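Q: Here it is: the structure, laid out below.
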Amino acid sequence: MDVTKDGRSWRIGTAGDVAWLAGQTTHGLSITTAIPPVFDAYATFYPPDGGSIEAHERAVVDELAEHTPDQPWWLGYLDTGAHDIVFPLAPKQSLYWDWPYLLVEAGPEQALTWRTGHMRGEGSLPDLFFPADHSWLVSALWDDTWTDIGGTAALITALRRNPLVNARPVEPDEDALPSGLTRD
């Protein structure tokens, strides 16, 4: 199925497009709750104190784009019923604990601009996104205030070095909670 936005046609994702991810995460507090244990390196990130959400999200997407060959990205929006998922009438795919995600094949600029209302209150990034080659995965679970990523060691190092990204490397079995944050 295709949908139209910005004068273009965009492909909606199917179960086959996320089969590599579906059922591959674990239960618990580790980063593999959001990211399957298939990557070389992992990190969490969230906006640094005093920085704007727009600058943070632009820095994240710029680093991802720099470390990704030219290809489509899959953007995933969790359908909570109360937040913008860009194409609300398009079919959804079940991920994690049967949560409904709208998946659309697009790119970095759409990741930064399409969403107008985020469940965390700020920002426009999708709740889940990855390139077509599955070389990395960004996932923000609905009840977390941070974002998880799995990818190459070089990508995680670049994210860690960018102060606007505010990334912290973690091991697959390590608690994903970033330093300085507490669980409610």
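Just so we're on the same page: first chain in the structure tokens is A, next is B, and so on; residues restart at 1 for each chain, and ligands are numbered from 1 in the order they show up.
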Hey, could you make a per-residue contact list for region 55-93 of chain A against region 125-138 of chain A with 8 Å as the cut-off, showing the nearest pair of atoms and its distance in Å to one decimal, counting only C-alpha atoms, sorted by chain and number, as a Markdown table?

A:
```
| residue | atom | partner | partner_atom | distance |
| --- | --- | --- | --- | --- |
| A:Glu57 | CA | A:Leu125 | CA | 7.0 |
| A:Thr68 | CA | A:Pro131 | CA | 7.6 |
| A:Gln71 | CA | A:Ala132 | CA | 6.5 |
| A:Pro72 | CA | A:Ala132 | CA | 5.7 |
| A:Trp73 | CA | A:Pro131 | CA | 4.1 |
| A:Trp74 | CA | A:Phe130 | CA | 5.4 |
| A:Leu75 | CA | A:Phe129 | CA | 4.5 |
| A:Gly76 | CA | A:Leu128 | CA | 4.7 |
| A:Tyr77 | CA | A:Asp127 | CA | 5.3 |
| A:Leu78 | CA | A:Asp127 | CA | 6.2 |
```

Q: Residues of the last selection are to be written out with N, CA, C and O atoms, as a PDB file, in the first residue's frame.

A:
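Everything below was put into selection-v5.pdb:
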```pdb
ATOM      1  N   GLU A  57      17.715  16.436  17.930  1.00  0.00           N
ATOM      2  CA  GLU A  57      17.204  15.522  16.907  1.00  0.00           C
ATOM      3  C   GLU A  57      17.937  15.696  15.584  1.00  0.00           C
ATOM      4  O   GLU A  57      18.241  14.714  14.901  1.00  0.00           O
ATOM      5  N   THR A  68      25.449   6.089   7.101  1.00  0.00           N
ATOM      6  CA  THR A  68      24.552   5.192   6.376  1.00  0.00           C
ATOM      7  C   THR A  68      24.663   5.458   4.881  1.00  0.00           C
ATOM      8  O   THR A  68      24.457   6.591   4.446  1.00  0.00           O
ATOM      9  N   GLN A  71      20.127   5.223   1.058  1.00  0.00           N
ATOM     10  CA  GLN A  71      19.084   4.204   0.985  1.00  0.00           C
ATOM     11  C   GLN A  71      17.848   4.706   1.736  1.00  0.00           C
ATOM     12  O   GLN A  71      17.945   5.640   2.527  1.00  0.00           O
ATOM     13  N   PRO A  72      16.708   4.087   1.523  1.00  0.00           N
ATOM     14  CA  PRO A  72      15.514   4.481   2.280  1.00  0.00           C
ATOM     15  C   PRO A  72      15.653   4.137   3.767  1.00  0.00           C
ATOM     16  O   PRO A  72      16.400   3.231   4.134  1.00  0.00           O
ATOM     17  N   TRP A  73      14.919   4.867   4.565  1.00  0.00           N
ATOM     18  CA  TRP A  73      14.797   4.579   5.996  1.00  0.00           C
ATOM     19  C   TRP A  73      13.352   4.172   6.259  1.00  0.00           C
ATOM     20  O   TRP A  73      12.416   4.715   5.654  1.00  0.00           O
ATOM     21  N   TRP A  74      13.155   3.243   7.172  1.00  0.00           N
ATOM     22  CA  TRP A  74      11.814   2.902   7.650  1.00  0.00           C
ATOM     23  C   TRP A  74      11.536   3.732   8.894  1.00  0.00           C
ATOM     24  O   TRP A  74      12.321   3.711   9.847  1.00  0.00           O
ATOM     25  N   LEU A  75      10.443   4.478   8.873  1.00  0.00           N
ATOM     26  CA  LEU A  75      10.021   5.290  10.012  1.00  0.00           C
ATOM     27  C   LEU A  75       8.830   4.603  10.654  1.00  0.00           C
ATOM     28  O   LEU A  75       7.855   4.291   9.956  1.00  0.00           O
ATOM     29  N   GLY A  76       8.881   4.386  11.951  1.00  0.00           N
ATOM     30  CA  GLY A  76       7.807   3.708  12.666  1.00  0.00           C
ATOM     31  C   GLY A  76       7.207   4.604  13.731  1.00  0.00           C
ATOM     32  O   GLY A  76       7.926   5.174  14.553  1.00  0.00           O
ATOM     33  N   TYR A  77       5.896   4.717  13.695  1.00  0.00           N
ATOM     34  CA  TYR A  77       5.167   5.555  14.649  1.00  0.00           C
ATOM     35  C   TYR A  77       4.219   4.678  15.453  1.00  0.00           C
ATOM     36  O   TYR A  77       3.344   4.019  14.889  1.00  0.00           O
ATOM     37  N   LEU A  78       4.392   4.672  16.768  1.00  0.00           N
ATOM     38  CA  LEU A  78       3.538   3.886  17.651  1.00  0.00           C
ATOM     39  C   LEU A  78       2.158   4.531  17.725  1.00  0.00           C
ATOM     40  O   LEU A  78       2.032   5.714  18.041  1.00  0.00           O
TER      41      LEU A  78
END
```

Q: Within 7 Å of region 164-167 of chain A, counting only C-alpha atoms, which residues qualify if same-chain residues fewer than 3 places away don't, as a ChimeraX atom specification?

A: /A:43-48,55-56,59-60,159-160

Q: Running DSSP on the backbone, which parts of region 30-149 of chain A land in strand (DSSP E or B), as a ChimeraX atom specification?

A: /A:30,41-45,73-78,93-95,99-106,128-131,137-139,147-149

Q: Enumerate as a CSV table (one decimal) with C-alpha atoms, in the first residue's frame all residues of chain A assigned to helix (DSSP H, G or I) by DSSP on the backbone, naming them with the chain letters and numbers the document uses.

A:
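So the final result, stored in result.csv, reads:
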```csv
chain,number,residue,atom,x,y,z
A,15,ALA,CA,5.1,-7.6,8.5
A,16,GLY,CA,7.9,-8.7,6.1
A,17,ASP,CA,9.7,-5.3,6.5
A,18,VAL,CA,10.0,-5.8,10.2
A,31,ILE,CA,18.7,-2.2,26.1
A,32,THR,CA,17.7,-5.5,24.3
A,33,THR,CA,14.1,-4.7,25.5
A,53,ILE,CA,15.1,19.3,21.2
A,54,GLU,CA,15.4,20.4,17.5
A,55,ALA,CA,19.2,20.7,17.7
A,56,HIS,CA,19.4,17.3,19.5
A,57,GLU,CA,17.2,15.5,16.9
A,58,ARG,CA,19.0,17.2,14.0
A,59,ALA,CA,22.4,16.0,15.4
A,60,VAL,CA,21.1,12.4,15.8
A,61,VAL,CA,19.8,12.3,12.3
A,62,ASP,CA,22.9,13.9,10.8
A,63,GLU,CA,25.2,11.4,12.5
A,64,LEU,CA,22.9,8.5,11.4
A,65,ALA,CA,22.9,9.8,7.8
A,66,GLU,CA,26.6,10.3,7.8
A,108,PRO,CA,16.1,11.4,7.2
A,109,GLU,CA,14.3,14.6,6.3
A,110,GLN,CA,10.9,13.0,6.8
A,111,ALA,CA,12.1,11.6,10.2
A,112,LEU,CA,12.7,15.2,11.2
A,113,THR,CA,9.6,16.9,9.8
A,153,ALA,CA,30.8,0.5,16.9
A,154,ALA,CA,31.9,3.4,14.7
A,155,LEU,CA,28.3,4.8,14.7
A,156,ILE,CA,28.0,4.5,18.5
A,157,THR,CA,31.4,6.2,18.9
A,158,ALA,CA,30.3,9.1,16.6
A,159,LEU,CA,27.1,9.5,18.6
A,160,ARG,CA,28.9,9.4,21.9
A,161,ARG,CA,31.4,12.1,20.7
```

Q: Can you work out the spacing between CA of Ser139 (chain A) and CA of Ile35 (chain A) in Å, to one decimal?

A: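 Interatomic distance, CA of Ser139 (chain A) to CA of Ile35 (chain A): 6.8 Å.
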
Q: I need the residue nearest Thr14 (chain A) from this list: A:Thr147, A:Thr116, A:Thr152, A:Gln93. Use only C-alpha atoms for the distance.

A: A:Gln93

Q: Rounded to one decimal, what separation in Å do you get between CA of Glu174 (chain A) and CA of His67 (chain A)?

A: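 Interatomic distance here is 24.7 Å.
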
Q: Compare A:Gly50, A:Ser94, A:Trp114, A:Gly107 by their minimum atom-to-atom distance to Asp70 (chain A), counting only C-alpha atoms, and give me the closest one.

A: A:Gly107

Q: Which residues are close to Leu89 (chain A), i.e. within 10 Å by only C-alpha atoms, leaving aside same-chain residues fewer than 3 positions away? Reply as number ranges by chain.

A: A: 3, 85-86, 92, 102

Q: Grab the residues selected above and save them as a tab-separated table (two decimals), in the first residue's frame with all heavy atoms.

A:
```tsv
chain	number	residue	atom	x	y	z
A	3	VAL	N	0.85	5.64	0.34
A	3	VAL	CA	0.13	6.82	0.80
A	3	VAL	C	0.79	8.04	0.18
A	3	VAL	O	1.92	7.96	-0.30
A	3	VAL	CB	0.13	6.92	2.35
A	3	VAL	CG1	-0.71	5.82	2.96
A	3	VAL	CG2	1.54	6.91	2.90
A	85	ILE	N	0.65	9.93	14.17
A	85	ILE	CA	1.39	8.85	13.52
A	85	ILE	C	1.50	9.10	12.01
A	85	ILE	O	1.82	8.20	11.24
A	85	ILE	CB	0.78	7.46	13.80
A	85	ILE	CG1	-0.63	7.33	13.25
A	85	ILE	CG2	0.85	7.14	15.29
A	85	ILE	CD1	-1.14	5.89	13.24
A	86	VAL	N	1.26	10.31	11.58
A	86	VAL	CA	1.42	10.81	10.22
A	86	VAL	C	0.35	10.27	9.25
A	86	VAL	O	-0.28	11.05	8.56
A	86	VAL	CB	2.86	10.55	9.69
A	86	VAL	CG1	3.03	11.18	8.30
A	86	VAL	CG2	3.91	11.09	10.66
A	92	LYS	N	-1.24	-1.04	10.28
A	92	LYS	CA	-0.18	-1.07	11.30
A	92	LYS	C	0.42	-2.48	11.38
A	92	LYS	O	-0.20	-3.45	10.96
A	92	LYS	CB	-0.72	-0.71	12.69
A	92	LYS	CG	-1.68	0.45	12.84
A	92	LYS	CD	-1.26	1.74	12.25
A	92	LYS	CE	-2.25	2.86	12.48
A	92	LYS	NZ	-3.44	2.86	11.68
A	102	LEU	N	2.77	2.15	12.78
A	102	LEU	CA	2.68	2.49	11.37
A	102	LEU	C	4.12	2.59	10.87
A	102	LEU	O	4.94	3.28	11.48
A	102	LEU	CB	2.00	3.83	11.17
A	102	LEU	CG	2.20	4.36	9.75
A	102	LEU	CD1	1.18	3.75	8.83
A	102	LEU	CD2	2.23	5.83	9.69
```

Q: Considering only C-alpha atoms, can you say which of A:Trp10, A:Tyr101, A:Glu171, A:Asp49 comes closest to Pro37 (chain A)?

A: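 With only C-alpha atoms as the atom set, the closest residue is A:Glu171.
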
Q: In Å, rounded to a single decimal, give me how far CA of Arg11 (chain A) is from CA of Phe39 (chain A).

A: 26.2 Å
